[in-house]
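Trainee: Take a look at the following structure, please.
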Amino acid sequence: MDASAQTMNTNRESTVVTNAPHIKMKGEKVNVFYGEKQALFDVDLEVPEHQVTALIGPSGCGKSTFLRCLNRMNDIIDICQVKGNITLDKTDIYDSSVDVVELRARVGMVFQKPNPFPKSIFENVAYGPKIHGLARNKTELEEIVVESLQKAGLFEEVKDRLEEPGTGLSGGQQQRLCIARAIAVSPEVILMDEPCSALDPIATAKVEELIDELRQNFTIVIVTHSMQQAARVSQRTAFFHLGMLVEEGVTDEIFTNPTDKRTQDYITGRFG
Amino acid sequence: MTDSTQPSRPTSGRKTIGEAMKSSLKSRYAAEKRFQAYGIIAIALGLIFLGLLFYSIISRGYTAFEQTIIDLPVDLPRAEFSVDGQVTDEAISKANYSKIVREAIVKTVGADLSNRGEVRKVLELVSREASNQIRNFVAENPDAIGTTQIIPVLARGDVDSLMKGQIRRDVDESRRQLDDQQLVWIDQLIEEGRLEKRFNTFIFTEGPSSRAESSGIAVAVMGSAFMMGVVLLLALPIGVAASIYLEEFAPKNRWTDLIEVNINNLAAVPSIVYGILGLAVFINYAGLPRSSAIVGGLVLTLMTLPTIIIATRAALRAVPPSIREAALGVGASKNQAVFHHVLPLAAPGVMTGTIIGLAQALGETAPLLMIGMVAFVNDFPTSPWSPATAVPVQIFLWANSAERAFVERTSAAIIILLVFLICMNALAVFLRRRFEQRW
Amino acid sequence: MTTGLLLSVIIVLMVAAFLYSRTRAVQLVAGNVKKLHSRPTYHGSFGALLIGFPLVVVMLFWMIAEPIYLNNIVHGQMPDTVNALTDSERGLIESQVRSIANGLTLLDAPERRQVSEGLVDTRALLAEKGVPLGSDVQRYMVAAADTYLERQGLSRTLRVGVLVLVALLAGFYLVRNLTPELRARNLVELAVRIALITASSIAILTTIGIVLSMLSETIRFFNMVPLSNFFLGTVWDPRFANVGSGTEVGQYGLIPLLWGTVLISLIALMVAVPIGLFAAIYMAEYASNRVRNTAKPLLEILAGIPTIVYGFFALVTVGPFFRDFGATLGLDVSARSALTAGVVMGIMIIPFISSLSDDIITSVPRAMREGSLGLGATKSETIRRVVLPAALPGIVGAILLAASRAIGETMIVVLAAGVAPNLTANPLEAVTTVTVKIVSQLTGDTEFTSPQTLVAFALGLTLFTMTLILNIYALYIVRKYREQYD
């Protein structure tokens, strides 16, 4: 605990957020059902802009489900039903006027297991800009790709082999490639579903560092299994348990002074 | 960091996501719709082809299940059936039935027996099979000799086609198979209630015949049944044994790899190649009788084995390892674990695979042509070693006959074959649904 | 003793051996079966196998060897006039001799003597006994039949003798070796294992059988016809030799047949690939479970319909339709054409492509789709740009397998493609294929000495090789593809 508290403190010092930040996304009374089974119960959560919000909790608590509601990835599961209100910049994203393709372009996602497409590194990153028509010509496309790879901290490692398949990279590199792929579309929000769970500690450290940098340009919501990780990278933390949002607030406070007994039990390792 | 509310992309001049979306979203959704439509069209086309196929066969074939019959009053004068006044079996079998038929039909329609042209035309109403029918009738009812009996006999194929509307009355006489006088007689017979369509039993009870109206598929069904028996007896045990070895015992090495590749390949070898194999090995080398059900069965067995092996292996693989471990854990030998636990659990899958393999074998034609099953066989096979024919081969032979009435017969035989196949597949689906276990 | 009776005796012996061994095993340990290495039943099975297996081997040996031996005897008895006849005629006579021999066994002694001395109409006499003969009986046939019967009797007696000897030896061995320590279970399981291995090697034997049977006849064919005539010839005319070529064997140009096969297969693929692929995509990616569960089995019916039915469909429905339709457009379409056969074959192979492609598309990991959808791609963009490229090797494999199916298909082309070889690119004309020619050269009267018949084996080997290469390559890439996502 000591070591992680240390990192947590240093992190906070460098990233203090002033004023009341703009609320980028907001969920109100979100209920999710998988067929008969209810997975989320009345979740209310605000995601402030340019901050990292961490969702933590034991497995099966609904944190991933909530994350996937934020860019409607649950739509592709037939039996899944979402009730309640989720807004992006005050627009209800489940409103019929909202286009899911556009939404997902604005709210990008990085998955648990790195899932590069079976194409070259270049094509992986260029995929989003291509389908959305973001680049007017080849030079622009190259610019976007290079820029995104740079932002994802991968460019130096792969600049000589952009034409090689993305699946040939190491796990950590693959995940950063997926992050580059997500930011190439220049989304406003990036959702990350346990992005480091398949990575070794060194790769994890790199990705965490990256997340902290990305915060300047993007709003980030991250689901994580590791409390240390939440403490290291996030400014706000929400604790889920059995489909309910138990407690949320500034990361520091959640970890040092939780109000709910369940949160306390979880972060001190009594269950999870 | 200070202008934290600015859009994230700093470079100017490039399209932002919002702009890009506005301009392209509509066409992207149109492409999406088109793409989906292609899929629906593809499936619809597939189903339309299926429907057309069935429609084409059924619309041509259903009429064959009815057959035009004439209830002919036949005089059976004692003199015809007796030698020196004594009725004998030999006299019955050698009586002049053509004459009996001729007199009966001429009398019934009221034609002139002395007018040869007219007699010939009248005779064209009755099938040549009628003599045999009357002979069989007399042989079974010797008491009827000396009386007049109403005997149902087959009408000629053309009359049958007319009754089924396949020959049109409004066609000019010169291009019609039946002339006006014959139509008058036919109408007269219909009016008297002597000529009508009845359920066709011949197709189910008779063998092939050069006359469409009296040919059936019973002999072919019998041949197919013998072959299926051979296939079931050989392919099931061999297939299951081979699968058990490959799935449960075989070490993973070059040899089993080779067998694996081999089996997958055999499943895709053209069926006609198996026919050549059968011809060369079973007939030329082993000297088994040509066009016999045993050779057909052996060829089909080799052809069906890969199907059964692949299905059985899949079924065995679906049984979770925990079952084997549980059995081995209480001290069962590997054999006992497999035969007492794994195989019974895999049985429904094995059954399904076997039935599908059998169905495939039942419809196979090409290899049977190679082993001489195209011979004209009209005796019921009594053993797997006697000459036989099979339903699909019978269909092939009839399909090559030019006569109108044979098209109907062919379609009817196809309908019967398809009914068999549908029943077998339905049984397979039923077994799968009923006993399938999800682990 | 007849074969059936002997088999029954063997079964009885096996049951006896089973019961004896089981009881004996229990006796040996005075009822305390725990002292036995294996359960008593295994001792019993061991006994039954020990007795049964050698006896069955002897029976099998006789079953295979005796007819060969007896046929040689009959063969040797034939007078020169018969030996001068063609193979098939001589075969008929020899089988007549076998029938006579069977008939003779039904006669009593005086009748038998009359037959041998030629005093009665043997054909009528045997017909009376229920043995119909195809033609009249000659004296030499009766003599041959007598020899046949005599040798058969000898062989049967010898068989009984060998069986008794083997049974005694096995029984003696069993009594000597049945001890409580006998590892009966292991031995029985070994026997089962050997049986299983034998069964699984039948697959290999089949392939070897296919290759060897066709190879030997093919070699005989090429002894009569030069390789270049077959592989490079552009004329197929087995009956007549090329004028001036100096050979009398006819022309066996493979190329026109191969071309017909390829043309029809290409047409079939042009029908089946788009339909099958789009159907697979729709079923895998768009269709609700209900649509999928209905459409998929319905489409698969297409693969379950016997090819003869497709052939008939092509012959009576599709062919005339194309001909009439062509006529309205002023095109001359023959009733049997490459187009008809190709389209109908295409319909048949739709499910081969759709089912396998469906499996392959479904096995593209979900993460791949989510990655694309998560970037805001539409479903069709995801499919076209991510799923299909990922699934491409598997789909190519599926198409190759379908192509191999099309190349080897027989009944559709026999009924719908035509019989005249035709080197044309016009799909509206009749062409013929390798399979059609195999059928036409091998049906009817066949003599295995003429190149006209033997060419069918060369064609068969060509066909087998082509499909083998396609299959192995296709199965290899499908397998590699599957492993990638396991």
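Just remember, in the structure tokens the first chain shown is A, the second B, etc., residues are 1-based per chain, and ligands are 1-based in the order shown.
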Pull out every residue of chain C sitting within 7 Å of chain B, counting only C-alpha atoms, and send them as a count of residues only.

Mentor: 39

Trainee: Kindly provide the residues of chain A that approach chain C to within 9 Å, each paired with its closest atom pair and their distance in Å to one decimal, based on only C-alpha atoms, listed by chain and increasing number, as a Markdown table.

Mentor:
| residue | atom | partner | partner_atom | distance |
| --- | --- | --- | --- | --- |
| A:Asn71 | CA | C:Gly374 | CA | 7.7 |
| A:Arg72 | CA | C:Gly374 | CA | 9.0 |
| A:Met73 | CA | C:Gly374 | CA | 7.0 |
| A:Ile76 | CA | C:Glu370 | CA | 8.9 |
| A:Asp78 | CA | C:Ser288 | CA | 8.7 |
| A:Val100 | CA | C:Gly376 | CA | 7.5 |
| A:Val101 | CA | C:Gly376 | CA | 4.5 |
| A:Glu102 | CA | C:Gly376 | CA | 6.2 |
| A:Leu103 | CA | C:Gly376 | CA | 7.1 |
| A:Arg104 | CA | C:Gly376 | CA | 4.4 |
| A:Ala105 | CA | C:Gly376 | CA | 4.4 |
| A:Arg106 | CA | C:Gly376 | CA | 8.0 |
| A:Val107 | CA | C:Gly374 | CA | 8.0 |
| A:Gly108 | CA | C:Leu375 | CA | 5.6 |
| A:Met109 | CA | C:Gly374 | CA | 5.4 |
| A:Val110 | CA | C:Gly371 | CA | 7.4 |
| A:Phe111 | CA | C:Gly371 | CA | 7.3 |
| A:Lys113 | CA | C:Ala367 | CA | 7.8 |
| A:Pro114 | CA | C:Ala367 | CA | 8.4 |
| A:Asn115 | CA | C:Met368 | CA | 5.8 |
| A:Pro116 | CA | C:Met368 | CA | 7.2 |
| A:Phe117 | CA | C:Met368 | CA | 6.3 |
| A:Pro118 | CA | C:Ala390 | CA | 6.1 |
| A:Lys119 | CA | C:Pro389 | CA | 8.5 |
| A:Tyr127 | CA | C:Ser372 | CA | 8.4 |
| A:Gly128 | CA | C:Leu375 | CA | 6.1 |
| A:Ile131 | CA | C:Ala377 | CA | 6.6 |
| A:His132 | CA | C:Ala377 | CA | 7.7 |
| A:Cys178 | CA | C:Gly371 | CA | 8.2 |
| A:Arg181 | CA | C:Leu375 | CA | 8.1 |
| A:Ala182 | CA | C:Leu375 | CA | 6.3 |
| A:Val185 | CA | C:Leu375 | CA | 7.3 |
| A:Pro187 | CA | C:Leu375 | CA | 8.8 |

Trainee: Could the residues in this selection be written to a file with C-alpha atoms, as a PDB file, in the first residue's frame?

Mentor:
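Wrote it out as result-v7.pdb, contents follow:
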ATOM      1  CA  ASN A  71     -20.575   4.376 -26.586  1.00  0.00           C
ATOM      2  CA  ARG A  72     -23.457   1.974 -27.049  1.00  0.00           C
ATOM      3  CA  MET A  73     -21.257  -1.064 -27.631  1.00  0.00           C
ATOM      4  CA  ILE A  76     -24.418  -5.378 -30.636  1.00  0.00           C
ATOM      5  CA  ASP A  78     -29.087  -8.738 -28.935  1.00  0.00           C
ATOM      6  CA  VAL A 100     -24.452   5.380 -33.240  1.00  0.00           C
ATOM      7  CA  VAL A 101     -21.658   5.529 -35.804  1.00  0.00           C
ATOM      8  CA  GLU A 102     -21.068   9.167 -35.087  1.00  0.00           C
ATOM      9  CA  LEU A 103     -21.281   8.544 -31.354  1.00  0.00           C
ATOM     10  CA  ARG A 104     -18.635   5.865 -31.507  1.00  0.00           C
ATOM     11  CA  ALA A 105     -16.407   8.126 -33.536  1.00  0.00           C
ATOM     12  CA  ARG A 106     -16.677  10.706 -30.761  1.00  0.00           C
ATOM     13  CA  VAL A 107     -16.425   8.173 -27.946  1.00  0.00           C
ATOM     14  CA  GLY A 108     -13.660   5.762 -28.880  1.00  0.00           C
ATOM     15  CA  MET A 109     -12.808   2.543 -27.170  1.00  0.00           C
ATOM     16  CA  VAL A 110      -9.784   0.456 -26.266  1.00  0.00           C
ATOM     17  CA  PHE A 111     -10.406  -3.123 -25.307  1.00  0.00           C
ATOM     18  CA  LYS A 113      -7.224  -7.711 -25.062  1.00  0.00           C
ATOM     19  CA  PRO A 114      -5.235  -5.875 -27.695  1.00  0.00           C
ATOM     20  CA  ASN A 115      -7.153  -6.467 -30.923  1.00  0.00           C
ATOM     21  CA  PRO A 116      -5.187  -5.071 -33.827  1.00  0.00           C
ATOM     22  CA  PHE A 117      -6.695  -5.869 -37.220  1.00  0.00           C
ATOM     23  CA  PRO A 118      -4.812  -8.401 -39.304  1.00  0.00           C
ATOM     24  CA  LYS A 119      -3.389  -5.575 -41.423  1.00  0.00           C
ATOM     25  CA  TYR A 127      -8.523   2.559 -40.651  1.00  0.00           C
ATOM     26  CA  GLY A 128     -10.603   5.035 -38.630  1.00  0.00           C
ATOM     27  CA  ILE A 131     -13.780   5.057 -43.019  1.00  0.00           C
ATOM     28  CA  HIS A 132     -14.755   8.437 -41.669  1.00  0.00           C
ATOM     29  CA  CYS A 178      -4.939   0.068 -30.485  1.00  0.00           C
ATOM     30  CA  ARG A 181      -5.929   3.583 -33.679  1.00  0.00           C
ATOM     31  CA  ALA A 182      -8.536   5.034 -31.337  1.00  0.00           C
ATOM     32  CA  VAL A 185     -10.221   9.369 -35.197  1.00  0.00           C
ATOM     33  CA  PRO A 187     -12.513  11.240 -30.388  1.00  0.00           C
TER      34      PRO A 187
END

Trainee: Extract, using only C-alpha atoms, all DNA, RNA and protein residues at most 9 Å from Thr424 of chain C, discarding same-chain residues fewer than 2 positions from it, and format them as a list in words.

Mentor: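 So the residues in contact are Pro256, Trp259, Gly260, Asn422, Asn426, Pro427, Glu429, Ala430 and Val431 of chain C.
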
Trainee: Would you mind exporting the chosen residues as a CSV table (one decimal), in the first residue's frame, restricted to C-alpha atoms?

Mentor:
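Output (result_24.csv):
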chain,number,residue,atom,x,y,z
C,256,PRO,CA,-11.3,-30.8,-74.8
C,259,TRP,CA,-11.8,-27.6,-70.9
C,260,GLY,CA,-15.4,-28.6,-70.7
C,422,ASN,CA,-16.1,-29.3,-77.8
C,426,ASN,CA,-19.3,-20.3,-75.8
C,427,PRO,CA,-21.2,-21.4,-72.8
C,429,GLU,CA,-23.0,-24.8,-76.7
C,430,ALA,CA,-22.9,-28.3,-75.5
C,431,VAL,CA,-19.5,-29.4,-74.0

Trainee: Tell me which protein, DNA and RNA residues are within 12 Å of Gln264 of chain A, counting only C-alpha atoms, leaving out same-chain ones fewer than 3 positions away, and put them as a PDB file with all heavy atoms, in the first residue's frame.

Mentor:
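Contents of selection-v4.pdb, freshly written:
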ATOM      1  N   GLY A  57     -14.017  -2.254  -8.991  1.00  0.00           N
ATOM      2  CA  GLY A  57     -14.972  -3.140  -8.343  1.00  0.00           C
ATOM      3  C   GLY A  57     -14.633  -4.577  -8.654  1.00  0.00           C
ATOM      4  O   GLY A  57     -13.862  -4.848  -9.577  1.00  0.00           O
ATOM      5  N   MET A 227      -6.557  -1.817  -8.141  1.00  0.00           N
ATOM      6  CA  MET A 227      -6.777  -0.578  -7.389  1.00  0.00           C
ATOM      7  C   MET A 227      -5.578   0.328  -7.491  1.00  0.00           C
ATOM      8  O   MET A 227      -5.701   1.548  -7.561  1.00  0.00           O
ATOM      9  CB  MET A 227      -7.068  -0.905  -5.941  1.00  0.00           C
ATOM     10  CG  MET A 227      -8.460  -1.441  -5.747  1.00  0.00           C
ATOM     11  SD  MET A 227      -8.660  -2.039  -4.092  1.00  0.00           S
ATOM     12  CE  MET A 227      -7.693  -3.511  -4.115  1.00  0.00           C
ATOM     13  N   PHE A 239     -16.730   3.248  -7.482  1.00  0.00           N
ATOM     14  CA  PHE A 239     -16.657   1.867  -7.034  1.00  0.00           C
ATOM     15  C   PHE A 239     -18.006   1.189  -7.264  1.00  0.00           C
ATOM     16  O   PHE A 239     -19.044   1.645  -6.778  1.00  0.00           O
ATOM     17  CB  PHE A 239     -16.276   1.832  -5.550  1.00  0.00           C
ATOM     18  CG  PHE A 239     -16.361   0.438  -4.974  1.00  0.00           C
ATOM     19  CD1 PHE A 239     -15.548  -0.584  -5.451  1.00  0.00           C
ATOM     20  CD2 PHE A 239     -17.275   0.145  -3.960  1.00  0.00           C
ATOM     21  CE1 PHE A 239     -15.640  -1.850  -4.930  1.00  0.00           C
ATOM     22  CE2 PHE A 239     -17.367  -1.137  -3.446  1.00  0.00           C
ATOM     23  CZ  PHE A 239     -16.536  -2.135  -3.922  1.00  0.00           C
ATOM     24  N   VAL A 246     -21.551   2.152  -5.764  1.00  0.00           N
ATOM     25  CA  VAL A 246     -21.551   2.288  -4.314  1.00  0.00           C
ATOM     26  C   VAL A 246     -21.074   3.675  -3.905  1.00  0.00           C
ATOM     27  O   VAL A 246     -21.677   4.339  -3.059  1.00  0.00           O
ATOM     28  CB  VAL A 246     -20.659   1.201  -3.679  1.00  0.00           C
ATOM     29  CG1 VAL A 246     -20.534   1.401  -2.186  1.00  0.00           C
ATOM     30  CG2 VAL A 246     -21.216  -0.169  -3.999  1.00  0.00           C
ATOM     31  N   GLU A 247     -20.025   4.095  -4.546  1.00  0.00           N
ATOM     32  CA  GLU A 247     -19.429   5.346  -4.107  1.00  0.00           C
ATOM     33  C   GLU A 247     -18.599   5.915  -5.238  1.00  0.00           C
ATOM     34  O   GLU A 247     -17.988   5.183  -5.999  1.00  0.00           O
ATOM     35  CB  GLU A 247     -18.505   5.050  -2.910  1.00  0.00           C
ATOM     36  CG  GLU A 247     -18.035   6.275  -2.198  1.00  0.00           C
ATOM     37  CD  GLU A 247     -17.287   5.922  -0.911  1.00  0.00           C
ATOM     38  OE1 GLU A 247     -17.286   4.736  -0.531  1.00  0.00           O
ATOM     39  OE2 GLU A 247     -16.713   6.840  -0.326  1.00  0.00           O
ATOM     40  N   GLU A 253      -9.722  10.621  -2.163  1.00  0.00           N
ATOM     41  CA  GLU A 253     -10.618  10.448  -1.024  1.00  0.00           C
ATOM     42  C   GLU A 253     -11.163   9.044  -0.970  1.00  0.00           C
ATOM     43  O   GLU A 253     -11.280   8.459   0.106  1.00  0.00           O
ATOM     44  CB  GLU A 253     -11.765  11.454  -1.096  1.00  0.00           C
ATOM     45  CG  GLU A 253     -11.332  12.804  -0.548  1.00  0.00           C
ATOM     46  CD  GLU A 253     -12.296  13.901  -0.927  1.00  0.00           C
ATOM     47  OE1 GLU A 253     -13.491  13.583  -1.142  1.00  0.00           O
ATOM     48  OE2 GLU A 253     -11.849  15.056  -1.050  1.00  0.00           O
ATOM     49  N   ILE A 254     -11.503   8.514  -2.135  1.00  0.00           N
ATOM     50  CA  ILE A 254     -12.027   7.148  -2.153  1.00  0.00           C
ATOM     51  C   ILE A 254     -11.015   6.212  -1.523  1.00  0.00           C
ATOM     52  O   ILE A 254     -11.361   5.310  -0.756  1.00  0.00           O
ATOM     53  CB  ILE A 254     -12.313   6.695  -3.604  1.00  0.00           C
ATOM     54  CG1 ILE A 254     -13.423   7.507  -4.239  1.00  0.00           C
ATOM     55  CG2 ILE A 254     -12.625   5.216  -3.665  1.00  0.00           C
ATOM     56  CD1 ILE A 254     -14.816   7.063  -3.942  1.00  0.00           C
ATOM     57  N   PHE A 255      -9.749   6.428  -1.830  1.00  0.00           N
ATOM     58  CA  PHE A 255      -8.754   5.478  -1.340  1.00  0.00           C
ATOM     59  C   PHE A 255      -8.336   5.747   0.102  1.00  0.00           C
ATOM     60  O   PHE A 255      -7.961   4.819   0.812  1.00  0.00           O
ATOM     61  CB  PHE A 255      -7.534   5.479  -2.270  1.00  0.00           C
ATOM     62  CG  PHE A 255      -7.730   4.609  -3.460  1.00  0.00           C
ATOM     63  CD1 PHE A 255      -8.246   5.115  -4.640  1.00  0.00           C
ATOM     64  CD2 PHE A 255      -7.443   3.256  -3.400  1.00  0.00           C
ATOM     65  CE1 PHE A 255      -8.461   4.314  -5.728  1.00  0.00           C
ATOM     66  CE2 PHE A 255      -7.654   2.442  -4.505  1.00  0.00           C
ATOM     67  CZ  PHE A 255      -8.168   2.973  -5.675  1.00  0.00           C
ATOM     68  N   THR A 256      -8.385   6.986   0.522  1.00  0.00           N
ATOM     69  CA  THR A 256      -7.929   7.243   1.890  1.00  0.00           C
ATOM     70  C   THR A 256      -9.084   7.268   2.868  1.00  0.00           C
ATOM     71  O   THR A 256      -8.947   6.895   4.025  1.00  0.00           O
ATOM     72  CB  THR A 256      -7.196   8.591   1.964  1.00  0.00           C
ATOM     73  OG1 THR A 256      -8.021   9.586   1.348  1.00  0.00           O
ATOM     74  CG2 THR A 256      -5.871   8.513   1.255  1.00  0.00           C
ATOM     75  N   ASN A 257     -10.250   7.669   2.365  1.00  0.00           N
ATOM     76  CA  ASN A 257     -11.321   7.897   3.312  1.00  0.00           C
ATOM     77  C   ASN A 257     -12.675   7.509   2.741  1.00  0.00           C
ATOM     78  O   ASN A 257     -13.559   8.333   2.563  1.00  0.00           O
ATOM     79  CB  ASN A 257     -11.312   9.405   3.658  1.00  0.00           C
ATOM     80  CG  ASN A 257     -12.129   9.650   4.916  1.00  0.00           C
ATOM     81  OD1 ASN A 257     -12.504   8.698   5.606  1.00  0.00           O
ATOM     82  ND2 ASN A 257     -12.424  10.914   5.172  1.00  0.00           N
ATOM     83  N   PRO A 258     -12.833   6.230   2.430  1.00  0.00           N
ATOM     84  CA  PRO A 258     -14.107   5.836   1.822  1.00  0.00           C
ATOM     85  C   PRO A 258     -15.251   5.976   2.825  1.00  0.00           C
ATOM     86  O   PRO A 258     -15.047   5.742   4.021  1.00  0.00           O
ATOM     87  CB  PRO A 258     -13.870   4.375   1.442  1.00  0.00           C
ATOM     88  CG  PRO A 258     -12.792   3.905   2.326  1.00  0.00           C
ATOM     89  CD  PRO A 258     -11.948   5.096   2.692  1.00  0.00           C
ATOM     90  N   THR A 259     -16.401   6.349   2.335  1.00  0.00           N
ATOM     91  CA  THR A 259     -17.518   6.499   3.258  1.00  0.00           C
ATOM     92  C   THR A 259     -18.263   5.194   3.441  1.00  0.00           C
ATOM     93  O   THR A 259     -18.850   4.951   4.483  1.00  0.00           O
ATOM     94  CB  THR A 259     -18.503   7.567   2.739  1.00  0.00           C
ATOM     95  OG1 THR A 259     -18.776   7.279   1.378  1.00  0.00           O
ATOM     96  CG2 THR A 259     -17.923   8.953   2.866  1.00  0.00           C
ATOM     97  N   ASP A 260     -18.241   4.374   2.396  1.00  0.00           N
ATOM     98  CA  ASP A 260     -19.035   3.144   2.487  1.00  0.00           C
ATOM     99  C   ASP A 260     -18.164   1.994   2.975  1.00  0.00           C
ATOM    100  O   ASP A 260     -17.005   1.853   2.591  1.00  0.00           O
ATOM    101  CB  ASP A 260     -19.608   2.806   1.106  1.00  0.00           C
ATOM    102  CG  ASP A 260     -20.739   1.811   1.194  1.00  0.00           C
ATOM    103  OD1 ASP A 260     -20.461   0.614   1.447  1.00  0.00           O
ATOM    104  OD2 ASP A 260     -21.900   2.217   1.017  1.00  0.00           O
ATOM    105  N   LYS A 261     -18.758   1.147   3.789  1.00  0.00           N
ATOM    106  CA  LYS A 261     -18.009   0.020   4.342  1.00  0.00           C
ATOM    107  C   LYS A 261     -17.537  -0.934   3.251  1.00  0.00           C
ATOM    108  O   LYS A 261     -16.429  -1.461   3.283  1.00  0.00           O
ATOM    109  CB  LYS A 261     -18.903  -0.726   5.353  1.00  0.00           C
ATOM    110  CG  LYS A 261     -18.332  -1.999   5.908  1.00  0.00           C
ATOM    111  CD  LYS A 261     -18.303  -1.979   7.408  1.00  0.00           C
ATOM    112  CE  LYS A 261     -17.445  -3.097   8.027  1.00  0.00           C
ATOM    113  NZ  LYS A 261     -17.150  -4.218   7.243  1.00  0.00           N
ATOM    114  N   ILE A 267     -11.104  -2.016  -0.915  1.00  0.00           N
ATOM    115  CA  ILE A 267      -9.763  -1.455  -1.138  1.00  0.00           C
ATOM    116  C   ILE A 267      -8.760  -1.957  -0.125  1.00  0.00           C
ATOM    117  O   ILE A 267      -7.556  -1.951  -0.379  1.00  0.00           O
ATOM    118  CB  ILE A 267      -9.773   0.102  -1.176  1.00  0.00           C
ATOM    119  CG1 ILE A 267     -10.307   0.656   0.120  1.00  0.00           C
ATOM    120  CG2 ILE A 267     -10.538   0.623  -2.352  1.00  0.00           C
ATOM    121  CD1 ILE A 267     -10.259   2.174   0.165  1.00  0.00           C
ATOM    122  N   THR A 268      -9.242  -2.453   0.988  1.00  0.00           N
ATOM    123  CA  THR A 268      -8.273  -3.042   1.923  1.00  0.00           C
ATOM    124  C   THR A 268      -8.098  -4.525   1.645  1.00  0.00           C
ATOM    125  O   THR A 268      -7.380  -5.214   2.363  1.00  0.00           O
ATOM    126  CB  THR A 268      -8.711  -2.845   3.382  1.00  0.00           C
ATOM    127  OG1 THR A 268     -10.051  -3.327   3.505  1.00  0.00           O
ATOM    128  CG2 THR A 268      -8.634  -1.393   3.780  1.00  0.00           C
ATOM    129  N   GLY A 269      -8.783  -5.011   0.619  1.00  0.00           N
ATOM    130  CA  GLY A 269      -8.514  -6.373   0.191  1.00  0.00           C
ATOM    131  C   GLY A 269      -9.304  -7.444   0.905  1.00  0.00           C
ATOM    132  O   GLY A 269      -8.931  -8.605   0.893  1.00  0.00           O
ATOM    133  N   ARG A 270     -10.433  -7.086   1.548  1.00  0.00           N
ATOM    134  CA  ARG A 270     -11.212  -8.139   2.202  1.00  0.00           C
ATOM    135  C   ARG A 270     -11.937  -9.016   1.189  1.00  0.00           C
ATOM    136  O   ARG A 270     -12.222 -10.160   1.446  1.00  0.00           O
ATOM    137  CB  ARG A 270     -12.264  -7.518   3.144  1.00  0.00           C
ATOM    138  CG  ARG A 270     -11.645  -6.777   4.272  1.00  0.00           C
ATOM    139  CD  ARG A 270     -11.931  -7.367   5.633  1.00  0.00           C
ATOM    140  NE  ARG A 270     -11.137  -6.591   6.573  1.00  0.00           N
ATOM    141  CZ  ARG A 270     -11.648  -5.603   7.286  1.00  0.00           C
ATOM    142  NH1 ARG A 270     -12.933  -5.341   7.245  1.00  0.00           N
ATOM    143  NH2 ARG A 270     -10.873  -4.896   8.085  1.00  0.00           N
ATOM    144  N   PHE A 271     -12.314  -8.412   0.061  1.00  0.00           N
ATOM    145  CA  PHE A 271     -12.896  -9.254  -1.007  1.00  0.00           C
ATOM    146  C   PHE A 271     -12.505  -8.681  -2.356  1.00  0.00           C
ATOM    147  O   PHE A 271     -11.923  -7.598  -2.447  1.00  0.00           O
ATOM    148  CB  PHE A 271     -14.417  -9.370  -0.867  1.00  0.00           C
ATOM    149  CG  PHE A 271     -15.173  -8.109  -1.175  1.00  0.00           C
ATOM    150  CD1 PHE A 271     -15.644  -7.874  -2.454  1.00  0.00           C
ATOM    151  CD2 PHE A 271     -15.413  -7.159  -0.185  1.00  0.00           C
ATOM    152  CE1 PHE A 271     -16.345  -6.720  -2.730  1.00  0.00           C
ATOM    153  CE2 PHE A 271     -16.112  -6.013  -0.477  1.00  0.00           C
ATOM    154  CZ  PHE A 271     -16.580  -5.777  -1.741  1.00  0.00           C
ATOM    155  N   GLY A 272     -12.821  -9.358  -3.339  1.00  0.00           N
ATOM    156  CA  GLY A 272     -12.537  -8.827  -4.675  1.00  0.00           C
ATOM    157  C   GLY A 272     -11.868  -9.831  -5.551  1.00  0.00           C
ATOM    158  O   GLY A 272     -11.781 -10.983  -5.282  1.00  0.00           O
TER     159      GLY A 272
END

Trainee: Pick the closest to chain B from A:Asn217, A:Thr204, A:Thr224, A:Gln175: which is it, counting only C-alpha atoms?

Mentor: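 Between A:Asn217, A:Thr204, A:Thr224, A:Gln175, the residue approaching chain B most closely is A:Asn217.
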
Trainee: Kindly give the distance, in Å, that separates atom CA of Leu212 of chain C and atom CA of Val414 of chain C, rounded to a single decimal.

Mentor: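 Computing it gives 26.3 Å between the two atoms.
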